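Undergrad: entry.cif is reproduced in full below (mmCIF, C-alpha atoms).
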```cif
data_model
loop_
_atom_site.group_PDB
_atom_site.id
_atom_site.type_symbol
_atom_site.label_atom_id
_atom_site.label_comp_id
_atom_site.auth_asym_id
_atom_site.auth_seq_id
_atom_site.Cartn_x
_atom_site.Cartn_y
_atom_site.Cartn_z
ATOM 1 C CA MET A 5 32.381 -14.114 21.886
ATOM 2 C CA LEU A 6 32.219 -17.154 19.628
ATOM 3 C CA LEU A 7 34.994 -15.750 17.437
ATOM 4 C CA LEU A 8 37.419 -15.833 20.389
ATOM 5 C CA LEU A 9 37.038 -19.600 20.798
ATOM 6 C CA PRO A 10 39.286 -22.164 19.112
ATOM 7 C CA TYR A 11 38.302 -23.128 15.585
ATOM 8 C CA THR A 12 36.915 -26.568 16.432
ATOM 9 C CA GLU A 13 35.042 -25.267 19.455
ATOM 10 C CA TYR A 14 33.673 -22.427 17.337
ATOM 11 C CA LEU A 15 32.322 -24.848 14.736
ATOM 12 C CA ARG A 16 30.773 -27.009 17.435
ATOM 13 C CA ARG A 17 28.987 -24.010 18.900
ATOM 14 C CA VAL A 18 27.818 -22.728 15.510
ATOM 15 C CA VAL A 19 26.133 -25.972 14.465
ATOM 16 C CA GLU A 20 23.989 -25.997 17.584
ATOM 17 C CA PRO A 21 20.296 -25.608 16.655
ATOM 18 C CA ARG A 22 19.897 -22.535 18.837
ATOM 19 C CA ASN A 23 22.814 -20.708 17.187
ATOM 20 C CA ILE A 24 21.667 -21.713 13.701
ATOM 21 C CA ALA A 25 18.212 -20.314 14.449
ATOM 22 C CA ASP A 26 19.808 -17.160 15.860
ATOM 23 C CA ILE A 27 21.880 -16.566 12.710
ATOM 24 C CA ALA A 28 18.936 -17.361 10.421
ATOM 25 C CA LEU A 29 16.682 -14.850 12.214
ATOM 26 C CA VAL A 30 19.335 -12.138 11.934
ATOM 27 C CA LEU A 31 19.738 -12.839 8.194
ATOM 28 C CA LEU A 32 15.967 -12.678 7.683
ATOM 29 C CA LEU A 33 15.798 -9.399 9.592
ATOM 30 C CA VAL A 34 18.610 -7.832 7.566
ATOM 31 C CA TYR A 35 17.076 -9.118 4.318
ATOM 32 C CA GLY A 36 13.684 -7.686 5.246
ATOM 33 C CA VAL A 37 15.172 -4.273 6.060
ATOM 34 C CA LEU A 38 17.153 -4.163 2.803
ATOM 35 C CA LYS A 39 14.076 -5.211 0.823
ATOM 36 C CA LEU A 40 12.028 -2.403 2.380
ATOM 37 C CA LEU A 41 14.751 0.163 1.679
ATOM 38 C CA ARG A 42 15.290 -0.868 -1.942
ATOM 39 C CA GLY A 43 13.808 1.581 -4.406
ATOM 40 C CA THR A 44 12.690 4.091 -1.751
ATOM 41 C CA ARG A 45 14.012 7.503 -0.756
ATOM 42 C CA ALA A 46 15.365 5.877 2.414
ATOM 43 C CA ALA A 47 18.033 3.990 0.429
ATOM 44 C CA PRO A 48 20.331 6.987 -0.283
ATOM 45 C CA MET A 49 19.755 8.259 3.270
ATOM 46 C CA ALA A 50 20.807 4.901 4.685
ATOM 47 C CA ALA A 51 23.892 4.979 2.472
ATOM 48 C CA GLY A 52 24.757 8.439 3.803
ATOM 49 C CA ILE A 53 24.430 7.307 7.411
ATOM 50 C CA ALA A 54 26.610 4.263 6.672
ATOM 51 C CA ALA A 55 29.222 6.615 5.173
ATOM 52 C CA LEU A 56 29.240 8.665 8.385
ATOM 53 C CA PHE A 57 29.840 5.544 10.449
ATOM 54 C CA PHE A 58 32.666 4.572 8.104
ATOM 55 C CA LEU A 59 34.275 8.017 8.498
ATOM 56 C CA TYR A 60 34.014 7.737 12.268
ATOM 57 C CA TRP A 61 35.675 4.309 12.210
ATOM 58 C CA LEU A 62 38.394 5.676 9.945
ATOM 59 C CA SER A 63 39.014 8.672 12.213
ATOM 60 C CA VAL A 64 39.433 6.352 15.216
ATOM 61 C CA LYS A 65 41.804 4.014 13.368
ATOM 62 C CA GLN A 66 43.929 6.834 11.917
ATOM 63 C CA ASP A 67 43.802 9.004 15.061
ATOM 64 C CA LEU A 68 42.120 11.972 13.362
ATOM 65 C CA ALA A 69 41.206 13.804 16.543
ATOM 66 C CA THR A 70 39.198 16.703 15.070
ATOM 67 C CA LEU A 71 37.117 14.538 12.739
ATOM 68 C CA GLU A 72 36.538 12.023 15.512
ATOM 69 C CA PHE A 73 35.358 14.774 17.891
ATOM 70 C CA VAL A 74 32.892 16.193 15.360
ATOM 71 C CA LEU A 75 31.477 12.818 14.340
ATOM 72 C CA ARG A 76 31.315 11.463 17.883
ATOM 73 C CA ASN A 77 29.165 14.370 19.030
ATOM 74 C CA GLY A 78 27.073 14.230 15.859
ATOM 75 C CA LEU A 79 26.435 10.490 16.040
ATOM 76 C CA LEU A 80 24.905 10.905 19.492
ATOM 77 C CA TYR A 81 21.772 12.197 17.775
ATOM 78 C CA ILE A 82 21.767 9.673 14.940
ATOM 79 C CA GLY A 83 18.978 7.653 16.587
ATOM 80 C CA ILE A 84 16.643 10.659 16.648
ATOM 81 C CA ALA A 85 17.624 11.542 13.079
ATOM 82 C CA ILE A 86 16.783 8.014 11.884
ATOM 83 C CA ILE A 87 13.327 8.173 13.488
ATOM 84 C CA VAL A 88 12.601 11.605 11.987
ATOM 85 C CA LEU A 89 13.927 10.854 8.501
ATOM 86 C CA PHE A 90 12.573 7.315 8.206
ATOM 87 C CA GLN A 91 9.277 7.693 10.045
ATOM 88 C CA SER A 92 7.130 6.666 7.062
ATOM 89 C CA GLU A 93 9.422 3.743 6.194
ATOM 90 C CA ILE A 94 9.474 2.573 9.830
ATOM 91 C CA ARG A 95 5.684 2.775 10.011
ATOM 92 C CA GLN A 96 5.309 0.839 6.756
ATOM 93 C CA ALA A 97 7.816 -1.775 7.933
ATOM 94 C CA LEU A 98 5.931 -2.319 11.190
ATOM 95 C CA ILE A 99 2.636 -2.598 9.311
ATOM 96 C CA THR A 100 4.119 -5.115 6.879
ATOM 97 C CA PHE A 101 5.653 -7.139 9.694
ATOM 98 C CA GLY A 102 2.395 -7.124 11.641
ATOM 99 C CA ASN A 103 0.376 -8.306 8.647
ATOM 100 C CA ARG A 104 2.826 -11.111 7.860
ATOM 101 C CA PHE A 105 3.073 -12.154 11.494
ATOM 102 C CA ARG A 106 -0.644 -12.524 11.984
ATOM 103 C CA MET A 107 -1.228 -14.174 8.590
ATOM 104 C CA PRO A 108 -0.556 -17.764 9.827
ATOM 105 C CA PHE A 109 -2.968 -17.275 12.724
ATOM 106 C CA THR A 110 -5.847 -15.765 10.802
ATOM 107 C CA ARG A 111 -8.033 -17.044 8.045
ATOM 108 C CA VAL A 112 -7.204 -15.701 4.631
ATOM 109 C CA HIS A 113 -10.108 -13.691 3.262
ATOM 110 C CA ARG A 114 -10.716 -14.022 -0.439
ATOM 111 C CA GLY A 115 -12.022 -10.521 -0.874
ATOM 112 C CA GLN A 116 -13.820 -8.339 1.628
ATOM 113 C CA PHE A 117 -17.183 -7.862 -0.022
ATOM 114 C CA GLY A 118 -19.389 -9.413 -2.626
ATOM 115 C CA GLU A 119 -18.616 -9.184 -6.306
ATOM 116 C CA GLY A 120 -21.426 -6.691 -6.836
ATOM 117 C CA VAL A 121 -19.766 -4.117 -4.613
ATOM 118 C CA TYR A 122 -16.718 -4.025 -6.855
ATOM 119 C CA ASP A 123 -18.983 -3.484 -9.832
ATOM 120 C CA GLU A 124 -20.606 -0.527 -8.079
ATOM 121 C CA VAL A 125 -17.190 1.117 -7.645
ATOM 122 C CA VAL A 126 -16.194 0.396 -11.247
ATOM 123 C CA LEU A 127 -19.478 1.640 -12.689
ATOM 124 C CA ALA A 128 -19.402 4.824 -10.612
ATOM 125 C CA SER A 129 -15.791 5.506 -11.612
ATOM 126 C CA THR A 130 -16.457 5.117 -15.323
ATOM 127 C CA THR A 131 -19.558 7.304 -15.091
ATOM 128 C CA LEU A 132 -17.645 10.051 -13.285
ATOM 129 C CA ALA A 133 -14.804 9.758 -15.795
ATOM 130 C CA SER A 134 -17.185 10.235 -18.720
ATOM 131 C CA THR A 135 -18.238 13.614 -17.307
ATOM 132 C CA LYS A 136 -14.720 14.537 -16.059
ATOM 133 C CA THR A 137 -15.913 14.673 -12.482
ATOM 134 C CA GLY A 138 -13.055 14.336 -10.017
ATOM 135 C CA ALA A 139 -13.273 11.490 -7.503
ATOM 136 C CA LEU A 140 -11.110 9.704 -4.956
ATOM 137 C CA ILE A 141 -12.265 6.353 -3.559
ATOM 138 C CA VAL A 142 -10.162 4.577 -0.924
ATOM 139 C CA ILE A 143 -10.837 0.907 -0.112
ATOM 140 C CA GLU A 144 -9.757 -0.150 3.369
ATOM 141 C CA ARG A 145 -8.041 -3.524 3.729
ATOM 142 C CA ASN A 146 -6.266 -4.967 6.774
ATOM 143 C CA VAL A 147 -4.916 -1.692 8.179
ATOM 144 C CA GLY A 148 -7.753 0.408 9.595
ATOM 145 C CA LEU A 149 -8.395 3.909 8.283
ATOM 146 C CA LYS A 150 -10.333 5.114 11.312
ATOM 147 C CA ASN A 151 -8.012 8.090 11.797
ATOM 148 C CA VAL A 152 -8.785 9.139 8.216
ATOM 149 C CA SER A 153 -12.531 8.496 8.304
ATOM 150 C CA ASP A 154 -12.933 10.260 11.668
ATOM 151 C CA GLY A 155 -11.729 13.467 10.048
ATOM 152 C CA GLY A 156 -14.461 13.342 7.403
ATOM 153 C CA VAL A 157 -18.247 13.242 7.410
ATOM 154 C CA GLN A 158 -19.490 9.982 8.900
ATOM 155 C CA LEU A 159 -21.989 8.140 6.686
ATOM 156 C CA ASP A 160 -21.891 4.378 7.393
ATOM 157 C CA ALA A 161 -24.180 3.854 4.407
ATOM 158 C CA GLU A 162 -24.646 0.907 2.081
ATOM 159 C CA LEU A 163 -22.294 1.235 -0.862
ATOM 160 C CA SER A 164 -24.031 1.836 -4.164
ATOM 161 C CA TYR A 165 -23.475 3.432 -7.542
ATOM 162 C CA ASP A 166 -26.042 6.160 -6.884
ATOM 163 C CA LEU A 167 -24.433 7.107 -3.568
ATOM 164 C CA LEU A 168 -20.935 7.432 -5.023
ATOM 165 C CA VAL A 169 -22.093 9.504 -8.001
ATOM 166 C CA SER A 170 -24.130 11.742 -5.695
ATOM 167 C CA ILE A 171 -21.239 12.296 -3.294
ATOM 168 C CA PHE A 172 -18.828 13.433 -6.014
ATOM 169 C CA ASN A 173 -21.344 15.696 -7.705
ATOM 170 C CA PRO A 174 -19.639 19.135 -7.704
ATOM 171 C CA ALA A 175 -22.884 20.718 -6.534
ATOM 172 C CA THR A 176 -22.862 18.769 -3.243
ATOM 173 C CA PRO A 177 -20.835 19.805 -0.162
ATOM 174 C CA LEU A 178 -19.233 16.344 0.176
ATOM 175 C CA HIS A 179 -17.520 16.201 -3.224
ATOM 176 C CA ASP A 180 -14.242 17.681 -1.955
ATOM 177 C CA GLY A 181 -12.121 14.957 -0.387
ATOM 178 C CA ALA A 182 -12.026 11.176 -0.429
ATOM 179 C CA VAL A 183 -14.589 8.470 0.209
ATOM 180 C CA VAL A 184 -13.486 5.656 2.520
ATOM 181 C CA ILE A 185 -15.023 2.235 1.865
ATOM 182 C CA ARG A 186 -14.984 -0.217 4.744
ATOM 183 C CA ARG A 187 -16.212 -3.672 3.766
ATOM 184 C CA HIS A 188 -19.506 -3.177 1.902
ATOM 185 C CA ARG A 189 -20.278 0.264 3.326
ATOM 186 C CA VAL A 190 -19.228 3.866 2.776
ATOM 187 C CA ALA A 191 -17.681 4.717 6.126
ATOM 188 C CA ALA A 192 -17.124 8.429 5.508
ATOM 189 C CA ALA A 193 -16.906 11.080 2.825
ATOM 190 C CA SER A 194 -15.024 14.356 2.454
ATOM 191 C CA CYS A 195 -11.948 12.803 4.074
ATOM 192 C CA PHE A 196 -8.539 14.415 3.715
ATOM 193 C CA LEU A 197 -5.525 12.178 3.171
ATOM 194 C CA PRO A 198 -1.790 12.639 3.739
ATOM 195 C CA LEU A 199 0.057 13.731 0.606
ATOM 196 C CA THR A 200 3.028 11.758 -0.643
ATOM 197 C CA LEU A 201 6.487 13.309 -0.369
ATOM 198 C CA ASN A 202 7.951 11.252 -3.210
ATOM 199 C CA PRO A 203 10.070 13.686 -5.281
ATOM 200 C CA ARG A 204 10.125 11.363 -8.311
ATOM 201 C CA LEU A 205 6.450 11.820 -9.145
ATOM 202 C CA SER A 206 5.426 13.591 -12.302
ATOM 203 C CA LYS A 207 4.491 17.252 -12.005
ATOM 204 C CA ASN A 208 1.304 16.433 -13.914
ATOM 205 C CA LEU A 209 -0.134 14.631 -10.881
ATOM 206 C CA GLY A 210 -2.383 16.881 -8.844
ATOM 207 C CA THR A 211 -3.357 16.887 -5.182
ATOM 208 C CA ARG A 212 -5.965 14.156 -5.622
ATOM 209 C CA HIS A 213 -3.445 11.710 -7.092
ATOM 210 C CA ARG A 214 -0.773 12.610 -4.533
ATOM 211 C CA ALA A 215 -3.258 12.014 -1.719
ATOM 212 C CA ALA A 216 -4.111 8.584 -3.141
ATOM 213 C CA ILE A 217 -0.423 7.681 -3.344
ATOM 214 C CA GLY A 218 0.174 9.008 0.172
ATOM 215 C CA VAL A 219 -2.525 6.904 1.835
ATOM 216 C CA THR A 220 -1.389 3.747 0.031
ATOM 217 C CA GLU A 221 2.212 4.396 1.124
ATOM 218 C CA ASP A 222 1.222 4.617 4.790
ATOM 219 C CA THR A 223 -1.310 1.747 4.750
ATOM 220 C CA ASP A 224 -2.222 -1.304 2.667
ATOM 221 C CA ALA A 225 -5.336 0.398 1.287
ATOM 222 C CA VAL A 226 -5.968 0.784 -2.445
ATOM 223 C CA ALA A 227 -7.413 3.828 -4.159
ATOM 224 C CA VAL A 228 -9.301 4.684 -7.333
ATOM 225 C CA VAL A 229 -8.808 8.193 -8.720
ATOM 226 C CA VAL A 230 -10.761 9.978 -11.445
ATOM 227 C CA SER A 231 -9.002 13.012 -12.866
ATOM 228 C CA GLU A 232 -11.035 16.179 -13.099
ATOM 229 C CA GLU A 233 -8.826 17.603 -15.872
ATOM 230 C CA THR A 234 -8.467 14.600 -18.178
ATOM 231 C CA GLY A 235 -11.167 12.167 -17.033
ATOM 232 C CA LEU A 236 -8.566 9.383 -16.773
ATOM 233 C CA ILE A 237 -9.103 6.607 -14.219
ATOM 234 C CA SER A 238 -6.121 5.634 -12.081
ATOM 235 C CA PHE A 239 -5.576 2.788 -9.647
ATOM 236 C CA VAL A 240 -3.096 3.181 -6.785
ATOM 237 C CA GLN A 241 -1.604 0.403 -4.662
ATOM 238 C CA ALA A 242 1.472 0.462 -2.375
ATOM 239 C CA GLY A 243 2.444 3.908 -3.652
ATOM 240 C CA GLU A 244 2.402 2.795 -7.318
ATOM 241 C CA ILE A 245 -0.057 4.397 -9.711
ATOM 242 C CA ARG A 246 -1.526 2.957 -12.913
ATOM 243 C CA ARG A 247 -3.224 5.502 -15.152
ATOM 244 C CA GLY A 248 -5.580 5.371 -18.113
ATOM 245 C CA LEU A 249 -7.616 2.340 -17.019
ATOM 246 C CA ASP A 250 -10.970 1.364 -18.491
ATOM 247 C CA ALA A 251 -13.775 -0.545 -16.766
ATOM 248 C CA THR A 252 -12.299 -3.969 -17.505
ATOM 249 C CA THR A 253 -8.747 -3.217 -16.376
ATOM 250 C CA LEU A 254 -9.971 -1.323 -13.303
ATOM 251 C CA ARG A 255 -12.142 -4.235 -12.245
ATOM 252 C CA ALA A 256 -9.267 -6.665 -12.776
ATOM 253 C CA ALA A 257 -6.895 -4.430 -10.768
ATOM 254 C CA ILE A 258 -9.301 -4.258 -7.820
ATOM 255 C CA PHE A 259 -9.897 -7.998 -7.892
ATOM 256 C CA ASP A 260 -6.175 -8.707 -8.057
ATOM 257 C CA ALA A 261 -5.290 -6.291 -5.249
ATOM 258 C CA LEU A 262 -7.901 -7.667 -2.870
ATOM 259 C CA ASN A 263 -7.293 -11.335 -3.766
ATOM 260 C CA PHE A 264 -10.829 -11.809 -4.968
ATOM 261 C CA THR A 265 -11.636 -14.376 -7.644
ATOM 262 C CA PRO A 266 -14.575 -13.274 -9.808
ATOM 263 C CA LYS A 267 -17.269 -15.772 -10.563
ATOM 264 C CA LYS A 268 -17.063 -17.300 -13.991
ATOM 265 C CA LYS A 269 -20.136 -17.381 -16.121
ATOM 266 C CA GLU A 270 -21.594 -20.846 -16.472
ATOM 267 C CA GLN A 271 -21.203 -22.332 -19.918
ATOM 268 C CA PRO A 272 -24.390 -23.708 -21.490
ATOM 269 C CA ALA A 273 -24.652 -27.472 -21.434
ATOM 270 C CA GLN A 274 -23.918 -29.283 -24.693
ATOM 271 C CA LEU A 275 -26.565 -31.532 -26.159
ATOM 272 C CA PRO A 276 -25.658 -34.845 -27.820
ATOM 273 C CA ASN A 277 -26.058 -33.334 -31.287
ATOM 274 C CA GLY A 278 -23.557 -30.571 -30.445
ATOM 275 C CA ASP A 279 -26.118 -27.772 -29.986
ATOM 276 C CA SER A 280 -26.086 -25.716 -26.838
ATOM 277 C CA GLU A 281 -28.949 -25.989 -24.403
ATOM 278 C CA THR A 282 -30.265 -22.436 -24.388
ATOM 279 C CA GLU A 283 -33.530 -20.879 -23.482
ATOM 280 C CA GLU A 284 -35.404 -19.374 -26.404
ATOM 281 C CA ILE A 285 -36.867 -15.929 -25.826
ATOM 282 C CA ALA A 286 -39.834 -14.977 -27.905
ATOM 283 C CA PRO A 287 -39.450 -11.693 -29.748
ATOM 284 C CA VAL A 288 -41.426 -8.792 -28.334
#
```
Represent the structure of the file as structure tokens.

TA:
Amino acid sequence: MLLLLPYTEYLRRVVEPRNIADIALVLLLVYGVLKLLRGTRAAPMAAGIAALFFLYWLSVKQDLATLEFVLRNGLLYIGIAIIVLFQSEIRQALITFGNRFRMPFTRVHRGQFGEGVYDEVVLASTTLASTKTGALIVIERNVGLKNVSDGGVQLDAELSYDLLVSIFNPATPLHDGAVVIRRHRVAAASCFLPLTLNPRLSKNLGTRHRAAIGVTEDTDAVAVVVSEETGLISFVQAGEIRRGLDATTLRAAIFDALNFTPKKKEQPAQLPNGDSETEEIAPV
């Protein structure tokens, strides 16, 4: 309606704080949607839907009766088609929006557990990799994984190196599936995760890696994968996988993903003569 007003009146209405806020919110919404679509399989689908709308507009303008009839009846179901085709993207967008919306009202957590818990995961992963024992460890973050953990074997046990190595031992009944870590505890084992539908993934990635990518696409969780075939350690976050990690890079990846700052080792105090103040240990 503003466009129908005279030019001066239109400018006066636009510069009102309410209208400026209205336009800014619309721009932010459009920018957020485009940012979520960029680089995903939803981008070409969105382009195809936009092309259909363009053809419909063209058929109306040029009086193409047959094309207009076909598109008009087809576009009636476009809303349902968008929900079906973009269900994972819509879910991820709502999760992202919810996390960003509540961020100003909640305290930022610098990591969810103590530093030692991360070391337990890293040590267990490297041990399992050395024996080429397959493993899948999922670390829950802000988005709950209760629907995933409820489908597995409930443990609610203190997280430790021994527990993780025991769970993924091929001789135990719990080795098949994923372990879900919630805070400093193992919530459940033998959990089955949704597989990713990304067609661009390498054919070399097996079910375990595709499950890790799938759960990180649907939630903000991170996952550690140990390949049973190659013994390689992989770290998965937001649907992106990093392969061939060692203990140092895996630990750094977990710390970086969970916004946890590791404690720095204290440097020995310097004496006036330049020597370090260290404790002498008598030889045994």

Undergrad: Can you translate the PyMOL selection byres ((chain A and resi 183) around 12) into the concrete residues it hits in this file, as a PyMOL selection string?

TA: chain A and resi 125+138-144+149+152-161+163+167-172+178-182+184-186+189-197+212+216+226-229

Undergrad: Select, from A:Ser129, A:Asn208, A:Thr70, A:Asn151, the residue with the minimum atom-to-atom distance to Phe239 (chain A), counting only C-alpha atoms.

TA: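 Smallest separation from Phe239 (chain A) among the options: A:Ser129.
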
Undergrad: Enter the distance from CA of Ser238 (chain A) to CA of Ala257 (chain A), in Å, rounded to one decimal.

TA: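 CA of Ala257 (chain A) lies 10.2 Å from CA of Ser238 (chain A).
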
Undergrad: I'd like the contact shell of Glu232 (chain A) - 7 Å cut-off, all atoms listed in the file, skipping same-chain residues fewer than 3 positions apart - returned as a PDB file with C-alpha atoms, in the coordinates of the input.

TA:
```pdb
ATOM      1  CA  LYS A 136     -14.720  14.537 -16.059  1.00  0.00           C
ATOM      2  CA  THR A 137     -15.913  14.673 -12.482  1.00  0.00           C
ATOM      3  CA  GLY A 138     -13.055  14.336 -10.017  1.00  0.00           C
ATOM      4  CA  GLY A 235     -11.167  12.167 -17.033  1.00  0.00           C
TER       5      GLY A 235
END
```

Undergrad: Hey, which of A:Ile24, A:Leu56, A:Leu249, A:Leu71 ends up closest to Ala133 (chain A)? Count all atoms listed in the file.

TA: A:Leu249

Undergrad: One decimal, in Å: what's the spacing between CA of Ala261 (chain A) and CA of Ser231 (chain A)?

TA: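 According to the coordinates, CA of Ala261 (chain A) and CA of Ser231 (chain A) are separated by 21.1 Å.
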
Undergrad: In the coordinate frame of the file, compute which residues have an atom within 9 Å of (2.3, 14.9, 3.3) when using all atoms listed in the file, and state them as a PyMOL selection string.

TA: chain A and resi 197-201+214-215+218

Undergrad: Measuring between all atoms listed in the file, which one of A:Val240, A:Ile245, A:Val230, A:Ile53 shows the shortest distance to Ser206 (chain A)?

TA: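 Going through A:Val240, A:Ile245, A:Val230, A:Ile53 one by one, the smallest distance to Ser206 (chain A) is for A:Ile245.
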
Undergrad: Would you work out the distance separating CA of Ser164 (chain A) from CA of Leu132 (chain A), expressed in Å to one decimal?

TA: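 So the answer is 13.8 Å.
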
Undergrad: Could you tell me which of A:Leu236, A:Leu75, A:Ile258, A:Ile94 comes closest to Thr223 (chain A) if we count only C-alpha atoms?

TA: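 Distance minimum relative to Thr223 (chain A) lands on A:Ile94.
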
Undergrad: Counting all atoms listed in the file, which of A:Glu124, A:Glu233, A:Asp166, A:Asp222 gets nearest to Val147 (chain A)?

TA: A:Asp222

Undergrad: Which one is closest to Leu205 (chain A): A:Glu244, A:Val30, A:Asp123, A:Arg187? Count all atoms listed in the file.

TA: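 Looking only at the distances to Leu205 (chain A), the closest residue turns out to be A:Glu244.
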
Undergrad: Find the spatial neighbours of Gly78 (chain A), counting all atoms listed in the file, within a cut-off of 12 Å - ignore same-chain residues fewer than 5 positions away - and output them as a list in words.

TA: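 In the requested format, the answer is Ile53, Leu56, Phe57, Tyr60, Leu71, Glu72, Phe73, Gly83, Ile84 and Ala85 of chain A.
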
Undergrad: How big is the axis-aligned box, and where does its centre sit, when it encloses all atoms of region 178-190 of chain A listed in the file and has 4 Å added on every side, reported in Å to one decimal as lines of an AutoDock Vina configuration file?

TA:
```
center_x = -16.2
center_y = 7.0
center_z = 0.8
size_x = 16.3
size_y = 29.4
size_z = 16.0
```

Undergrad: Please fill the gaps in region 217-230 of chain A so it has N, CA and C atoms, and write that as a PDB file, keeping the file's coordinate frame.

TA:
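Okay, selection_5.pdb is ready:
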```pdb
ATOM      1  N   ILE A 217      -1.716   8.342  -3.512  1.00  0.00           N
ATOM      2  CA  ILE A 217      -0.423   7.681  -3.344  1.00  0.00           C
ATOM      3  C   ILE A 217       0.013   7.732  -1.886  1.00  0.00           C
ATOM      4  N   GLY A 218      -0.233   8.862  -1.225  1.00  0.00           N
ATOM      5  CA  GLY A 218       0.174   9.008   0.172  1.00  0.00           C
ATOM      6  C   GLY A 218      -0.507   8.017   1.101  1.00  0.00           C
ATOM      7  N   VAL A 219      -1.812   7.818   0.932  1.00  0.00           N
ATOM      8  CA  VAL A 219      -2.525   6.904   1.835  1.00  0.00           C
ATOM      9  C   VAL A 219      -2.144   5.457   1.563  1.00  0.00           C
ATOM     10  N   THR A 220      -1.797   5.123   0.324  1.00  0.00           N
ATOM     11  CA  THR A 220      -1.389   3.747   0.031  1.00  0.00           C
ATOM     12  C   THR A 220       0.062   3.492   0.424  1.00  0.00           C
ATOM     13  N   GLU A 221       0.855   4.557   0.601  1.00  0.00           N
ATOM     14  CA  GLU A 221       2.212   4.396   1.124  1.00  0.00           C
ATOM     15  C   GLU A 221       2.187   4.112   2.621  1.00  0.00           C
ATOM     16  N   ASP A 222       1.277   4.757   3.335  1.00  0.00           N
ATOM     17  CA  ASP A 222       1.222   4.617   4.790  1.00  0.00           C
ATOM     18  C   ASP A 222       0.432   3.397   5.232  1.00  0.00           C
ATOM     19  N   THR A 223      -0.474   2.890   4.392  1.00  0.00           N
ATOM     20  CA  THR A 223      -1.310   1.747   4.750  1.00  0.00           C
ATOM     21  C   THR A 223      -1.339   0.761   3.586  1.00  0.00           C
ATOM     22  N   ASP A 224      -2.083  -0.331   3.760  1.00  0.00           N
ATOM     23  CA  ASP A 224      -2.222  -1.304   2.667  1.00  0.00           C
ATOM     24  C   ASP A 224      -3.508  -1.091   1.888  1.00  0.00           C
ATOM     25  N   ALA A 225      -4.117   0.090   2.029  1.00  0.00           N
ATOM     26  CA  ALA A 225      -5.336   0.398   1.287  1.00  0.00           C
ATOM     27  C   ALA A 225      -5.029   0.570  -0.202  1.00  0.00           C
ATOM     28  N   VAL A 226      -6.076   0.487  -1.015  1.00  0.00           N
ATOM     29  CA  VAL A 226      -5.968   0.784  -2.445  1.00  0.00           C
ATOM     30  C   VAL A 226      -6.916   1.929  -2.759  1.00  0.00           C
ATOM     31  N   ALA A 227      -6.633   2.641  -3.833  1.00  0.00           N
ATOM     32  CA  ALA A 227      -7.413   3.828  -4.159  1.00  0.00           C
ATOM     33  C   ALA A 227      -7.711   3.889  -5.640  1.00  0.00           C
ATOM     34  N   VAL A 228      -8.879   4.426  -5.955  1.00  0.00           N
ATOM     35  CA  VAL A 228      -9.301   4.684  -7.333  1.00  0.00           C
ATOM     36  C   VAL A 228      -9.454   6.192  -7.483  1.00  0.00           C
ATOM     37  N   VAL A 229      -8.803   6.751  -8.504  1.00  0.00           N
ATOM     38  CA  VAL A 229      -8.808   8.193  -8.720  1.00  0.00           C
ATOM     39  C   VAL A 229      -9.360   8.491 -10.107  1.00  0.00           C
ATOM     40  N   VAL A 230     -10.251   9.470 -10.168  1.00  0.00           N
ATOM     41  CA  VAL A 230     -10.761   9.978 -11.445  1.00  0.00           C
ATOM     42  C   VAL A 230     -10.281  11.413 -11.583  1.00  0.00           C
TER      43      VAL A 230
END
```
